[in-house]
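upload.pdb follows; it contains PDB, C-alpha atoms, pLDDT in the B column.
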ATOM      1  CA  MET N   1      24.183   6.422 -38.502  1.00 40.00           C
ATOM      2  CA  LYS N   2      25.048   8.050 -41.767  1.00 51.00           C
ATOM      3  CA  ASN N   3      24.073   6.503 -45.060  1.00 54.00           C
ATOM      4  CA  LYS N   4      26.787   4.631 -46.890  1.00 82.00           C
ATOM      5  CA  THR N   5      27.604   5.426 -50.485  1.00 91.00           C
ATOM      6  CA  PHE N   6      27.744   3.003 -53.388  1.00 93.00           C
ATOM      7  CA  ARG N   7      31.504   2.729 -53.021  1.00 93.00           C
ATOM      8  CA  ASP N   8      30.632   0.054 -50.487  1.00 93.00           C
ATOM      9  CA  PRO N   9      29.925  -3.291 -52.246  1.00 94.00           C
ATOM     10  CA  GLN N  10      27.731  -4.453 -49.363  1.00 93.00           C
ATOM     11  CA  HIS N  11      25.610  -1.319 -49.610  1.00 92.00           C
ATOM     12  CA  ILE N  12      25.180  -1.951 -53.340  1.00 95.00           C
ATOM     13  CA  GLU N  13      24.162  -5.543 -52.674  1.00 95.00           C
ATOM     14  CA  ASN N  14      21.621  -4.566 -50.009  1.00 93.00           C
ATOM     15  CA  THR N  15      20.152  -1.777 -52.137  1.00 95.00           C
ATOM     16  CA  VAL N  16      19.848  -3.914 -55.261  1.00 96.00           C
ATOM     17  CA  LYS N  17      18.111  -6.567 -53.180  1.00 95.00           C
ATOM     18  CA  LEU N  18      15.547  -4.002 -52.052  1.00 95.00           C
ATOM     19  CA  LEU N  19      15.133  -2.653 -55.593  1.00 97.00           C
ATOM     20  CA  LYS N  20      14.378  -6.145 -56.853  1.00 97.00           C
ATOM     21  CA  ILE N  21      11.692  -6.584 -54.186  1.00 96.00           C
ATOM     22  CA  ILE N  22      10.067  -3.232 -54.938  1.00 97.00           C
ATOM     23  CA  LEU N  23       9.989  -3.738 -58.701  1.00 97.00           C
ATOM     24  CA  LYS N  24       8.668  -7.282 -58.304  1.00 97.00           C
ATOM     25  CA  THR N  25       5.840  -5.946 -56.125  1.00 97.00           C
ATOM     26  CA  LEU N  26       5.068  -3.068 -58.484  1.00 97.00           C
ATOM     27  CA  ASP N  27       4.913  -5.511 -61.386  1.00 97.00           C
ATOM     28  CA  LYS N  28       2.603  -7.790 -59.393  1.00 97.00           C
ATOM     29  CA  HIS N  29       0.176  -4.904 -58.916  1.00 97.00           C
ATOM     30  CA  LYS N  30       0.617  -3.714 -62.519  1.00 96.00           C
ATOM     31  CA  ILE N  31       2.061  -0.341 -61.517  1.00 97.00           C
ATOM     32  CA  LYS N  32       4.354   1.197 -64.125  1.00 97.00           C
ATOM     33  CA  TYR N  33       7.544   2.977 -63.118  1.00 98.00           C
ATOM     34  CA  TYR N  34      10.953   4.054 -64.435  1.00 98.00           C
ATOM     35  CA  LEU N  35      14.436   4.591 -63.026  1.00 98.00           C
ATOM     36  CA  ASP N  36      14.937   8.283 -62.403  1.00 98.00           C
ATOM     37  CA  PHE N  37      17.362  11.053 -61.427  1.00 96.00           C
ATOM     38  CA  GLY N  38      20.819   9.900 -60.281  1.00 96.00           C
ATOM     39  CA  THR N  39      19.897   6.241 -60.634  1.00 97.00           C
ATOM     40  CA  LEU N  40      19.001   6.738 -64.285  1.00 98.00           C
ATOM     41  CA  ILE N  41      22.227   8.683 -64.853  1.00 97.00           C
ATOM     42  CA  GLY N  42      24.268   5.874 -63.332  1.00 97.00           C
ATOM     43  CA  ALA N  43      22.458   3.238 -65.366  1.00 98.00           C
ATOM     44  CA  MET N  44      22.991   5.034 -68.676  1.00 98.00           C
ATOM     45  CA  ARG N  45      26.396   6.643 -68.118  1.00 97.00           C
ATOM     46  CA  GLU N  46      28.204   4.005 -66.104  1.00 94.00           C
ATOM     47  CA  ASN N  47      25.958   0.924 -66.185  1.00 95.00           C
ATOM     48  CA  ALA N  48      26.202   1.065 -62.412  1.00 97.00           C
ATOM     49  CA  LEU N  49      25.065   3.079 -59.432  1.00 96.00           C
ATOM     50  CA  ILE N  50      26.948   6.366 -59.101  1.00 96.00           C
ATOM     51  CA  PRO N  51      29.707   5.677 -56.530  1.00 94.00           C
ATOM     52  CA  TRP N  52      29.094   8.843 -54.502  1.00 93.00           C
ATOM     53  CA  ASP N  53      25.310   8.425 -54.501  1.00 93.00           C
ATOM     54  CA  ASP N  54      23.628   6.556 -51.647  1.00 91.00           C
ATOM     55  CA  ASP N  55      20.038   5.762 -52.631  1.00 93.00           C
ATOM     56  CA  ILE N  56      17.885   4.768 -55.601  1.00 96.00           C
ATOM     57  CA  ASP N  57      15.235   6.924 -57.262  1.00 97.00           C
ATOM     58  CA  ILE N  58      12.279   5.666 -59.254  1.00 98.00           C
ATOM     59  CA  SER N  59       9.173   7.479 -60.466  1.00 98.00           C
ATOM     60  CA  LEU N  60       5.693   6.188 -61.162  1.00 98.00           C
ATOM     61  CA  ILE N  61       4.168   6.765 -64.598  1.00 95.00           C
ATOM     62  CA  ASN N  62       0.382   6.668 -64.404  1.00 96.00           C
ATOM     63  CA  GLU N  63      -1.522   8.853 -61.963  1.00 96.00           C
ATOM     64  CA  ASP N  64      -4.500   6.486 -62.010  1.00 96.00           C
ATOM     65  CA  GLU N  65      -2.255   3.810 -60.445  1.00 97.00           C
ATOM     66  CA  TYR N  66      -1.095   5.960 -57.516  1.00 98.00           C
ATOM     67  CA  SER N  67      -4.020   4.877 -55.348  1.00 97.00           C
ATOM     68  CA  LYS N  68      -2.585   1.332 -55.278  1.00 97.00           C
ATOM     69  CA  MET N  69       0.568   2.410 -53.454  1.00 98.00           C
ATOM     70  CA  PRO N  70      -0.643   2.117 -49.831  1.00 97.00           C
ATOM     71  CA  LEU N  71      -1.432  -1.557 -50.464  1.00 96.00           C
ATOM     72  CA  VAL N  72       1.888  -2.107 -52.234  1.00 97.00           C
ATOM     73  CA  LEU N  73       3.907  -0.541 -49.429  1.00 97.00           C
ATOM     74  CA  LYS N  74       2.039  -2.438 -46.708  1.00 97.00           C
ATOM     75  CA  GLU N  75       2.725  -5.666 -48.580  1.00 97.00           C
ATOM     76  CA  ILE N  76       6.461  -4.859 -48.740  1.00 96.00           C
ATOM     77  CA  LYS N  77       6.492  -4.099 -45.021  1.00 95.00           C
ATOM     78  CA  LYS N  78       4.546  -7.208 -44.033  1.00 95.00           C
ATOM     79  CA  GLN N  79       6.310  -9.660 -46.316  1.00 95.00           C
ATOM     80  CA  TYR N  80       9.890  -8.373 -46.133  1.00 93.00           C
ATOM     81  CA  GLY N  81      10.089  -6.280 -42.970  1.00 91.00           C
ATOM     82  CA  TYR N  82      11.229  -3.015 -44.535  1.00 92.00           C
ATOM     83  CA  ARG N  83      10.252   0.357 -43.092  1.00 92.00           C
ATOM     84  CA  ILE N  84       7.847   2.295 -45.307  1.00 94.00           C
ATOM     85  CA  TYR N  85       6.866   5.952 -45.543  1.00 94.00           C
ATOM     86  CA  LEU N  86       4.156   7.475 -47.729  1.00 97.00           C
ATOM     87  CA  HIS N  87       3.647  11.234 -47.789  1.00 96.00           C
ATOM     88  CA  THR N  88       0.920  13.342 -49.262  1.00 96.00           C
ATOM     89  CA  PHE N  89       1.869  16.928 -49.959  1.00 96.00           C
ATOM     90  CA  GLU N  90       0.057  17.960 -46.789  1.00 94.00           C
ATOM     91  CA  SER N  91       1.783  15.416 -44.534  1.00 93.00           C
ATOM     92  CA  ALA N  92       5.182  16.181 -46.054  1.00 91.00           C
ATOM     93  CA  PHE N  93       4.731  19.906 -45.544  1.00 91.00           C
ATOM     94  CA  LYS N  94       3.571  19.406 -41.932  1.00 90.00           C
ATOM     95  CA  LYS N  95       6.571  17.214 -41.196  1.00 86.00           C
ATOM     96  CA  HIS N  96       8.940  19.802 -42.644  1.00 84.00           C
ATOM     97  CA  LYS N  97       7.220  22.600 -40.730  1.00 85.00           C
ATOM     98  CA  LYS N  98       7.583  20.678 -37.478  1.00 87.00           C
ATOM     99  CA  LYS N  99      11.331  20.398 -37.999  1.00 85.00           C
ATOM    100  CA  HIS N 100      11.669  23.939 -39.344  1.00 85.00           C
ATOM    101  CA  PRO N 101       9.025  26.173 -37.721  1.00 90.00           C
ATOM    102  CA  GLU N 102      10.432  29.228 -39.454  1.00 90.00           C
ATOM    103  CA  ALA N 103       9.927  27.736 -42.922  1.00 83.00           C
ATOM    104  CA  VAL N 104       7.251  29.080 -45.254  1.00 86.00           C
ATOM    105  CA  THR N 105       4.787  26.383 -46.335  1.00 86.00           C
ATOM    106  CA  PRO N 106       5.256  25.806 -50.079  1.00 89.00           C
ATOM    107  CA  GLN N 107       2.411  26.435 -52.485  1.00 88.00           C
ATOM    108  CA  ILE N 108       1.571  23.916 -55.208  1.00 92.00           C
ATOM    109  CA  ASP N 109      -0.757  24.492 -58.132  1.00 93.00           C
ATOM    110  CA  PHE N 110      -0.386  21.323 -60.208  1.00 96.00           C
ATOM    111  CA  THR N 111      -2.298  18.986 -57.884  1.00 96.00           C
ATOM    112  CA  THR N 112      -4.104  18.922 -54.533  1.00 95.00           C
ATOM    113  CA  LYS N 113      -2.495  18.703 -51.107  1.00 94.00           C
ATOM    114  CA  ASP N 114      -4.154  15.318 -50.517  1.00 96.00           C
ATOM    115  CA  ASN N 115      -2.329  13.623 -53.385  1.00 97.00           C
ATOM    116  CA  TYR N 116       0.909  11.699 -52.890  1.00 97.00           C
ATOM    117  CA  GLN N 117       4.260  13.428 -53.114  1.00 97.00           C
ATOM    118  CA  ILE N 118       6.818  10.729 -52.272  1.00 97.00           C
ATOM    119  CA  ALA N 119       7.192   7.257 -50.811  1.00 97.00           C
ATOM    120  CA  LYS N 120      10.319   5.884 -49.166  1.00 95.00           C
ATOM    121  CA  VAL N 121      11.328   2.341 -48.382  1.00 95.00           C
ATOM    122  CA  ARG N 122      14.184   1.887 -45.924  1.00 92.00           C
ATOM    123  CA  ASP N 123      16.065  -0.977 -44.353  1.00 85.00           C
ATOM    124  CA  ASN N 124      15.626  -0.469 -40.612  1.00 71.00           C
ATOM    125  CA  LYS N 125      15.665  -4.126 -39.707  1.00 56.00           C
ATOM    126  CA  PHE N 126      19.106  -4.077 -38.096  1.00 47.00           C
ATOM    127  CA  LEU N 127      18.858  -0.696 -36.395  1.00 46.00           C
ATOM    128  CA  ILE N 128      17.424   0.148 -33.009  1.00 43.00           C
ATOM    129  CA  PHE N 129      17.587   3.887 -33.560  1.00 48.00           C
ATOM    130  CA  GLY N 130      17.921   6.074 -36.638  1.00 50.00           C
ATOM    131  CA  ARG N 131      17.224   5.491 -40.298  1.00 53.00           C
ATOM    132  CA  GLY N 132      18.370   2.509 -42.272  1.00 58.00           C
ATOM    133  CA  ALA N 133      21.263   2.947 -44.669  1.00 78.00           C
ATOM    134  CA  VAL N 134      19.368   1.400 -47.584  1.00 87.00           C
ATOM    135  CA  CYS N 135      16.780   3.731 -49.104  1.00 92.00           C
ATOM    136  CA  ILE N 136      14.674   3.839 -52.248  1.00 96.00           C
ATOM    137  CA  ASP N 137      12.675   6.968 -53.055  1.00 97.00           C
ATOM    138  CA  ILE N 138       9.508   6.613 -55.123  1.00 98.00           C
ATOM    139  CA  PHE N 139       8.363   9.872 -56.721  1.00 98.00           C
ATOM    140  CA  PHE N 140       4.817  10.739 -57.758  1.00 98.00           C
ATOM    141  CA  LYS N 141       4.730  13.017 -60.816  1.00 98.00           C
ATOM    142  CA  TYR N 142       1.845  14.888 -62.419  1.00 97.00           C
ATOM    143  CA  ASN N 143       1.230  15.631 -66.107  1.00 96.00           C
ATOM    144  CA  ARG N 144      -0.406  19.004 -66.668  1.00 96.00           C
ATOM    145  CA  ASP N 145      -0.617  20.942 -69.943  1.00 95.00           C
ATOM    146  CA  ASN N 146       2.248  19.066 -71.617  1.00 95.00           C
ATOM    147  CA  GLU N 147       4.526  19.506 -68.630  1.00 97.00           C
ATOM    148  CA  LEU N 148       5.654  17.037 -65.995  1.00 97.00           C
ATOM    149  CA  TYR N 149       5.562  18.304 -62.404  1.00 97.00           C
ATOM    150  CA  TRP N 150       6.991  17.022 -59.145  1.00 97.00           C
ATOM    151  CA  PHE N 151       7.999  18.458 -55.797  1.00 94.00           C
ATOM    152  CA  ALA N 152      11.418  17.873 -54.223  1.00 90.00           C
ATOM    153  CA  PHE N 153      13.914  19.718 -52.025  1.00 81.00           C
ATOM    154  CA  GLY N 154      11.382  22.397 -51.179  1.00 83.00           C
ATOM    155  CA  GLU N 155      10.594  23.349 -54.774  1.00 88.00           C
ATOM    156  CA  THR N 156       8.068  22.693 -57.487  1.00 93.00           C
ATOM    157  CA  ASN N 157       9.893  21.310 -60.512  1.00 95.00           C
ATOM    158  CA  LYS N 158       8.707  20.911 -64.083  1.00 96.00           C
ATOM    159  CA  ILE N 159       9.990  19.915 -67.486  1.00 97.00           C
ATOM    160  CA  SER N 160       8.366  19.208 -70.833  1.00 97.00           C
ATOM    161  CA  ASN N 161       6.668  15.818 -70.756  1.00 96.00           C
ATOM    162  CA  GLN N 162       7.700  15.145 -74.370  1.00 97.00           C
ATOM    163  CA  PRO N 163      10.594  12.787 -73.469  1.00 97.00           C
ATOM    164  CA  ILE N 164       8.206  10.715 -71.345  1.00 96.00           C
ATOM    165  CA  LYS N 165       5.596  10.669 -74.121  1.00 96.00           C
ATOM    166  CA  GLU N 166       8.167   8.945 -76.349  1.00 96.00           C
ATOM    167  CA  GLY N 167       7.600   5.818 -74.295  1.00 97.00           C
ATOM    168  CA  PHE N 168       9.731   3.383 -72.329  1.00 98.00           C
ATOM    169  CA  THR N 169      12.082   0.475 -72.822  1.00 98.00           C
ATOM    170  CA  GLN N 170      13.825  -2.146 -70.691  1.00 98.00           C
ATOM    171  CA  ILE N 171      17.483  -2.435 -69.710  1.00 98.00           C
ATOM    172  CA  ASP N 172      19.413  -4.919 -67.618  1.00 97.00           C
ATOM    173  CA  PHE N 173      20.645  -3.254 -64.431  1.00 97.00           C
ATOM    174  CA  TYR N 174      22.426  -5.450 -61.891  1.00 97.00           C
ATOM    175  CA  GLY N 175      20.614  -8.451 -63.352  1.00 97.00           C
ATOM    176  CA  ILE N 176      17.194  -6.789 -63.001  1.00 97.00           C
ATOM    177  CA  SER N 177      14.980  -5.841 -65.941  1.00 97.00           C
ATOM    178  CA  CYS N 178      14.352  -2.130 -65.329  1.00 98.00           C
ATOM    179  CA  THR N 179      12.216   0.402 -67.175  1.00 98.00           C
ATOM    180  CA  ILE N 180      13.718   3.654 -68.468  1.00 98.00           C
ATOM    181  CA  PRO N 181      12.484   6.393 -70.828  1.00 98.00           C
ATOM    182  CA  ILE N 182      13.365   5.726 -74.465  1.00 98.00           C
ATOM    183  CA  ALA N 183      14.313   9.404 -74.783  1.00 98.00           C
ATOM    184  CA  TYR N 184      16.467   9.255 -71.639  1.00 98.00           C
ATOM    185  CA  ASP N 185      19.078  11.639 -73.087  1.00 98.00           C
ATOM    186  CA  ALA N 186      16.555  14.417 -73.696  1.00 98.00           C
ATOM    187  CA  TYR N 187      14.900  13.682 -70.367  1.00 98.00           C
ATOM    188  CA  LEU N 188      18.095  13.884 -68.318  1.00 98.00           C
ATOM    189  CA  THR N 189      19.365  16.888 -70.250  1.00 97.00           C
ATOM    190  CA  SER N 190      16.174  18.776 -69.469  1.00 97.00           C
ATOM    191  CA  ILE N 191      16.746  18.173 -65.762  1.00 95.00           C
ATOM    192  CA  TYR N 192      20.523  18.321 -65.344  1.00 94.00           C
ATOM    193  CA  GLY N 193      22.059  19.829 -68.445  1.00 94.00           C
ATOM    194  CA  ALA N 194      25.450  18.139 -69.027  1.00 93.00           C
ATOM    195  CA  TRP N 195      24.548  14.898 -67.280  1.00 96.00           C
ATOM    196  CA  LYS N 196      27.134  12.847 -69.182  1.00 95.00           C
ATOM    197  CA  THR N 197      29.995  14.570 -67.352  1.00 91.00           C
ATOM    198  CA  PRO N 198      30.592  13.030 -63.912  1.00 90.00           C
ATOM    199  CA  ASN N 199      30.623  15.602 -61.114  1.00 82.00           C
ATOM    200  CA  GLU N 200      31.509  14.165 -57.725  1.00 82.00           C
ATOM    201  CA  SER N 201      31.194  17.592 -56.101  1.00 72.00           C
ATOM    202  CA  TRP N 202      27.556  17.845 -57.237  1.00 59.00           C
ATOM    203  CA  VAL N 203      25.090  18.693 -54.479  1.00 50.00           C
ATOM    204  CA  GLU N 204      21.310  18.894 -54.511  1.00 48.00           C
ATOM    205  CA  ALA N 205      21.332  22.677 -54.863  1.00 39.00           C
ATOM    206  CA  ASP N 206      23.224  22.395 -58.159  1.00 39.00           C
ATOM    207  CA  GLN N 207      20.436  20.544 -59.893  1.00 40.00           C
ATOM    208  CA  ILE N 208      18.594  22.557 -62.497  1.00 33.00           C
ATOM    209  CA  SER N 209      15.058  21.351 -61.941  1.00 33.00           C
ATOM    210  CA  LYS N 210      14.899  18.704 -59.228  1.00 32.00           C
TER     211      LYS N 210
END
Please express what this file holds, its structure, as C-alpha coordinates.
Amino acid sequence: MKNKTFRDPQHIENTVKLLKIILKTLDKHKIKYYLDFGTLIGAMRENALIPWDDDIDISLINEDEYSKMPLVLKEIKKQYGYRIYLHTFESAFKKHKKKHPEAVTPQIDFTTKDNYQIAKVRDNKFLIFGRGAVCIDIFFKYNRDNELYWFAFGETNKISNQPIKEGFTQIDFYGISCTIPIAYDAYLTSIYGAWKTPNESWVEADQISK
(Lines of atoms letter the chains of each structure in order from A and count residues from 1; the text may use other names and numbers.)
(Lines give C-alpha, C1' and ligand atoms only; values in the text may rest on other atoms or scores of the structure.)
Protein backbone atom coordinates (compact mmCIF):
# COMPACT_ATOMS: atom_id res chain seq x y z
CA MET A 1 0.00 0.00 0.00
CA LYS A 2 1.45 3.29 -1.07
CA ASN A 3 1.30 6.32 1.15
CA LYS A 4 -1.38 8.85 0.35
CA THR A 5 -0.53 12.49 -0.15
CA PHE A 6 -2.07 15.46 1.61
CA ARG A 7 -4.40 16.03 -1.33
CA ASP A 8 -6.58 13.50 0.47
CA PRO A 9 -8.62 15.21 3.24
CA GLN A 10 -8.90 11.95 5.18
CA HIS A 11 -5.14 11.51 5.14
CA ILE A 12 -4.75 15.06 6.48
CA GLU A 13 -7.27 14.35 9.23
CA ASN A 14 -5.56 11.11 10.27
CA THR A 15 -2.10 12.67 10.22
CA VAL A 16 -3.12 15.74 12.21
CA LYS A 17 -4.73 13.44 14.77
CA LEU A 18 -1.44 11.59 15.18
CA LEU A 19 0.53 14.85 15.34
CA LYS A 20 -1.70 16.07 18.15
CA ILE A 21 -1.08 12.86 20.11
CA ILE A 22 2.68 13.03 19.64
CA LEU A 23 2.99 16.68 20.63
CA LYS A 24 0.72 16.16 23.64
CA THR A 25 2.96 13.30 24.79
CA LEU A 26 6.17 15.25 24.17
CA ASP A 27 4.77 18.15 26.18
CA LYS A 28 3.79 15.78 28.99
CA HIS A 29 7.39 14.58 29.22
CA LYS A 30 8.78 18.12 28.80
CA ILE A 31 10.58 17.32 25.55
CA LYS A 32 11.07 20.32 23.27
CA TYR A 33 10.62 20.02 19.52
CA TYR A 34 9.89 22.06 16.39
CA LEU A 35 8.18 21.51 13.04
CA ASP A 36 10.83 20.83 10.43
CA PHE A 37 11.61 20.33 6.74
CA GLY A 38 8.58 20.11 4.42
CA THR A 39 6.14 20.42 7.30
CA LEU A 40 7.69 23.72 8.36
CA ILE A 41 7.64 24.95 4.76
CA GLY A 42 3.96 24.11 4.45
CA ALA A 43 3.14 25.78 7.76
CA MET A 44 4.92 29.03 6.87
CA ARG A 45 4.29 29.22 3.12
CA GLU A 46 0.78 27.84 2.82
CA ASN A 47 -0.51 27.54 6.40
CA ALA A 48 -1.21 23.94 5.48
CA LEU A 49 0.53 20.67 4.74
CA ILE A 50 2.15 20.63 1.30
CA PRO A 51 -0.38 18.84 -0.96
CA TRP A 52 2.19 16.56 -2.62
CA ASP A 53 3.90 15.67 0.67
CA ASP A 54 2.77 12.60 2.60
CA ASP A 55 4.24 12.73 6.11
CA ILE A 56 5.13 15.14 8.91
CA ASP A 57 8.63 16.00 10.10
CA ILE A 58 9.56 17.28 13.53
CA SER A 59 12.95 17.61 15.20
CA LEU A 60 13.90 17.51 18.85
CA ILE A 61 15.82 20.44 20.33
CA ASN A 62 17.76 19.35 23.40
CA GLU A 63 20.15 16.41 23.28
CA ASP A 64 19.83 15.86 27.03
CA GLU A 65 16.14 15.02 26.48
CA TYR A 66 16.75 12.35 23.83
CA SER A 67 17.06 9.60 26.43
CA LYS A 68 13.36 10.07 27.28
CA MET A 69 12.20 9.00 23.82
CA PRO A 70 11.97 5.22 24.35
CA LEU A 71 9.50 5.83 27.18
CA VAL A 72 7.56 8.38 25.12
CA LEU A 73 7.25 6.06 22.13
CA LYS A 74 6.22 3.07 24.25
CA GLU A 75 3.53 5.22 25.85
CA ILE A 76 2.19 6.24 22.41
CA LYS A 77 2.14 2.60 21.33
CA LYS A 78 0.46 1.34 24.49
CA GLN A 79 -2.10 4.10 24.86
CA TYR A 80 -3.02 4.72 21.21
CA GLY A 81 -1.97 1.59 19.33
CA TYR A 82 0.37 3.22 16.82
CA ARG A 83 3.41 1.41 15.44
CA ILE A 84 6.70 2.87 16.65
CA TYR A 85 10.27 2.67 15.39
CA LEU A 86 13.39 4.06 17.08
CA HIS A 87 16.76 3.80 15.36
CA THR A 88 20.23 4.45 16.60
CA PHE A 89 22.78 5.17 13.92
CA GLU A 90 24.05 1.61 14.25
CA SER A 91 20.62 -0.03 13.93
CA ALA A 92 19.67 2.23 11.01
CA PHE A 93 22.88 1.43 9.17
CA LYS A 94 22.45 -2.33 9.78
CA LYS A 95 18.90 -2.20 8.49
CA HIS A 96 19.99 -0.36 5.35
CA LYS A 97 22.88 -2.78 4.82
CA LYS A 98 20.52 -5.74 5.07
CA LYS A 99 18.35 -4.32 2.30
CA HIS A 100 21.32 -3.12 0.24
CA PRO A 101 24.29 -5.44 0.82
CA GLU A 102 26.35 -3.58 -1.75
CA ALA A 103 26.02 -0.27 0.09
CA VAL A 104 28.99 1.28 1.87
CA THR A 105 28.31 1.87 5.57
CA PRO A 106 28.25 5.64 6.16
CA GLN A 107 30.74 7.25 8.50
CA ILE A 108 29.62 9.82 11.07
CA ASP A 109 31.88 12.06 13.11
CA PHE A 110 29.45 14.33 14.97
CA THR A 111 28.15 11.74 17.44
CA THR A 112 28.48 8.06 18.36
CA LYS A 113 26.81 5.14 16.61
CA ASP A 114 24.83 4.34 19.77
CA ASN A 115 22.96 7.65 19.76
CA TYR A 116 19.54 8.05 18.16
CA GLN A 117 19.18 8.99 14.52
CA ILE A 118 15.43 8.93 13.86
CA ALA A 119 12.11 7.79 15.28
CA LYS A 120 8.99 7.02 13.27
CA VAL A 121 5.40 6.69 14.34
CA ARG A 122 3.04 5.02 11.88
CA ASP A 123 -0.62 4.10 11.73
CA ASN A 124 -0.63 0.34 11.16
CA LYS A 125 -3.82 -0.34 13.06
CA PHE A 126 -5.93 -1.07 9.99
CA LEU A 127 -3.33 -2.95 7.98
CA ILE A 128 -2.47 -6.63 8.08
CA PHE A 129 0.61 -6.25 5.91
CA GLY A 130 2.78 -3.30 4.92
CA ARG A 131 3.33 0.11 6.43
CA GLY A 132 0.62 2.46 7.54
CA ALA A 133 -0.16 5.45 5.37
CA VAL A 134 0.12 7.90 8.27
CA CYS A 135 3.71 8.63 9.29
CA ILE A 136 5.50 11.16 11.45
CA ASP A 137 9.30 11.30 11.42
CA ILE A 138 11.10 12.56 14.52
CA PHE A 139 14.68 13.66 13.85
CA PHE A 140 17.50 13.76 16.39
CA LYS A 141 19.97 16.59 15.68
CA TYR A 142 23.36 17.35 17.21
CA ASN A 143 24.96 20.73 17.91
CA ARG A 144 28.72 20.71 17.40
CA ASP A 145 31.01 23.73 17.02
CA ASN A 146 28.21 26.14 16.07
CA GLU A 147 26.80 23.77 13.48
CA LEU A 148 23.69 21.62 13.53
CA TYR A 149 24.14 18.05 12.27
CA TRP A 150 21.73 15.30 11.30
CA PHE A 151 21.76 12.23 9.10
CA ALA A 152 19.14 11.56 6.42
CA PHE A 153 18.91 9.93 2.99
CA GLY A 154 22.33 8.36 3.36
CA GLU A 155 24.18 11.61 4.06
CA THR A 156 25.50 13.66 6.92
CA ASN A 157 23.92 17.11 6.76
CA LYS A 158 24.87 20.30 8.54
CA ILE A 159 23.97 23.96 8.66
CA SER A 160 24.87 26.85 10.93
CA ASN A 161 23.00 26.54 14.21
CA GLN A 162 22.53 30.33 14.38
CA PRO A 163 18.87 30.28 13.24
CA ILE A 164 18.08 27.75 15.98
CA LYS A 165 19.96 29.81 18.58
CA GLU A 166 17.55 32.68 17.87
CA GLY A 167 14.92 30.72 19.76
CA PHE A 168 11.41 29.45 19.09
CA THR A 169 7.84 30.65 18.94
CA GLN A 170 4.36 29.14 18.67
CA ILE A 171 1.96 29.09 15.72
CA ASP A 172 -1.50 27.66 15.23
CA PHE A 173 -1.37 24.78 12.75
CA TYR A 174 -4.60 22.86 12.14
CA GLY A 175 -5.81 24.00 15.55
CA ILE A 176 -2.66 22.75 17.30
CA SER A 177 -0.15 25.01 19.04
CA CYS A 178 3.13 24.07 17.33
CA THR A 179 6.69 25.21 17.92
CA ILE A 180 8.78 26.66 15.08
CA PRO A 181 12.12 28.51 14.91
CA ILE A 182 11.75 32.28 15.20
CA ALA A 183 14.31 32.62 12.40
CA TYR A 184 12.45 30.10 10.22
CA ASP A 185 13.25 32.01 7.00
CA ALA A 186 17.01 31.85 7.56
CA TYR A 187 16.71 28.26 8.74
CA LEU A 188 14.77 27.04 5.71
CA THR A 189 16.89 29.06 3.30
CA SER A 190 20.04 27.43 4.66
CA ILE A 191 18.57 24.01 3.92
CA TYR A 192 16.56 24.51 0.73
CA GLY A 193 17.52 27.80 -0.84
CA ALA A 194 14.40 29.27 -2.51
CA TRP A 195 11.92 27.53 -0.24
CA LYS A 196 9.17 30.11 -0.83
CA THR A 197 8.70 28.93 -4.42
CA PRO A 198 6.50 25.82 -4.61
CA ASN A 199 8.09 22.99 -6.57
CA GLU A 200 5.82 19.99 -7.04
CA SER A 201 8.52 18.16 -9.01
CA TRP A 202 10.90 18.37 -6.04
CA VAL A 203 12.44 15.06 -5.00
CA GLU A 204 14.66 14.17 -2.07
CA ALA A 205 17.82 14.32 -4.18
CA ASP A 206 17.15 17.98 -4.99
CA GLN A 207 17.46 19.09 -1.39
CA ILE A 208 20.57 21.06 -0.62
CA SER A 209 21.40 19.73 2.82
CA LYS A 210 18.83 17.20 3.99
* Asked: So which residues get picked by the PyMOL selection byres ((chain N and resi 144) around 10) here, written as a list in words?
  -> Phe110, Thr111, Lys141, Tyr142, Asn143, Asp145, Asn146, Glu147, Leu148, Tyr149, Lys158, Ser160 and Asn161 of chain N
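Picture a line from atom CA of N:Ile118 to atom CA of N:Asn157; it runs 13.8 Å.
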* Structure fact -> Students should find that atom CA of N:Glu63 and atom CA of N:Ile41 are spaced 23.9 Å
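Between N:Thr25 and the residues N:Ile138, N:Ile191, N:Leu73, N:Ala183, the shortest atom-to-atom distance, using all atoms listed in the file, involves N:Leu73.
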* To do: May I ask which of the residues N:Thr105, N:Lys196, N:His100, N:Met69 is the closest one to N:Ile50, counting only C-alpha atoms?
  => N:Lys196
* If the PyMOL selection byres ((chain N and resi 30) around 12) is run on the structure shown, which residues does it catch, given as a PyMOL selection string? -> chain N and resi 23-29+31-33+60-62+64-66+68-69+72
* Residues selected by the PyMOL selection byres ((chain N and resi 80-94) around 6), written as a count of residues only -> 19
* Structure fact -> As a check of understanding: the span from atom CA of N:Thr197 to atom CA of N:Arg45 is 8.7 Å
Return the padded bounding box of stretch 136-145 of chain N as lines of an AutoDock Vina configuration file: axis-aligned, built from all atoms listed in the file, 3 Å added on each side, with centre and edge lengths in Å to one decimal.
center_x = 7.0
center_y = 12.4
center_z = -61.1
size_x = 21.3
size_y = 23.1
size_z = 23.7
* **Residues within 12 Å of (20.9, -6.0, -53.4), file coords, only C-alpha atoms, listed as JSON, numbers by chain** => {"N": [6, 8, 9, 10, 11, 12, 13, 14, 15, 16, 17, 18, 19, 20, 21, 22, 49, 55, 56, 123, 134, 135, 136, 173, 174, 175, 176]}
* Asked: Between N:Thr5, N:Ser67, N:Thr112, N:Gln162, which is the closest to N:Ser190 once you count all atoms listed in the file?
  -> N:Gln162
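Minimum atom-to-atom distances from N:Phe37, N:Phe140, N:Trp52, N:Phe153 to N:Thr189 were compared using all atoms listed in the file, and the lowest value belongs to N:Phe37.
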* Between N:Trp150, N:Trp195, N:Phe139, N:Phe168, which is the closest to N:Ile182 once you count only C-alpha atoms? ->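 Of N:Trp150, N:Trp195, N:Phe139, N:Phe168, the one nearest N:Ile182, counting only C-alpha atoms, is N:Phe168.
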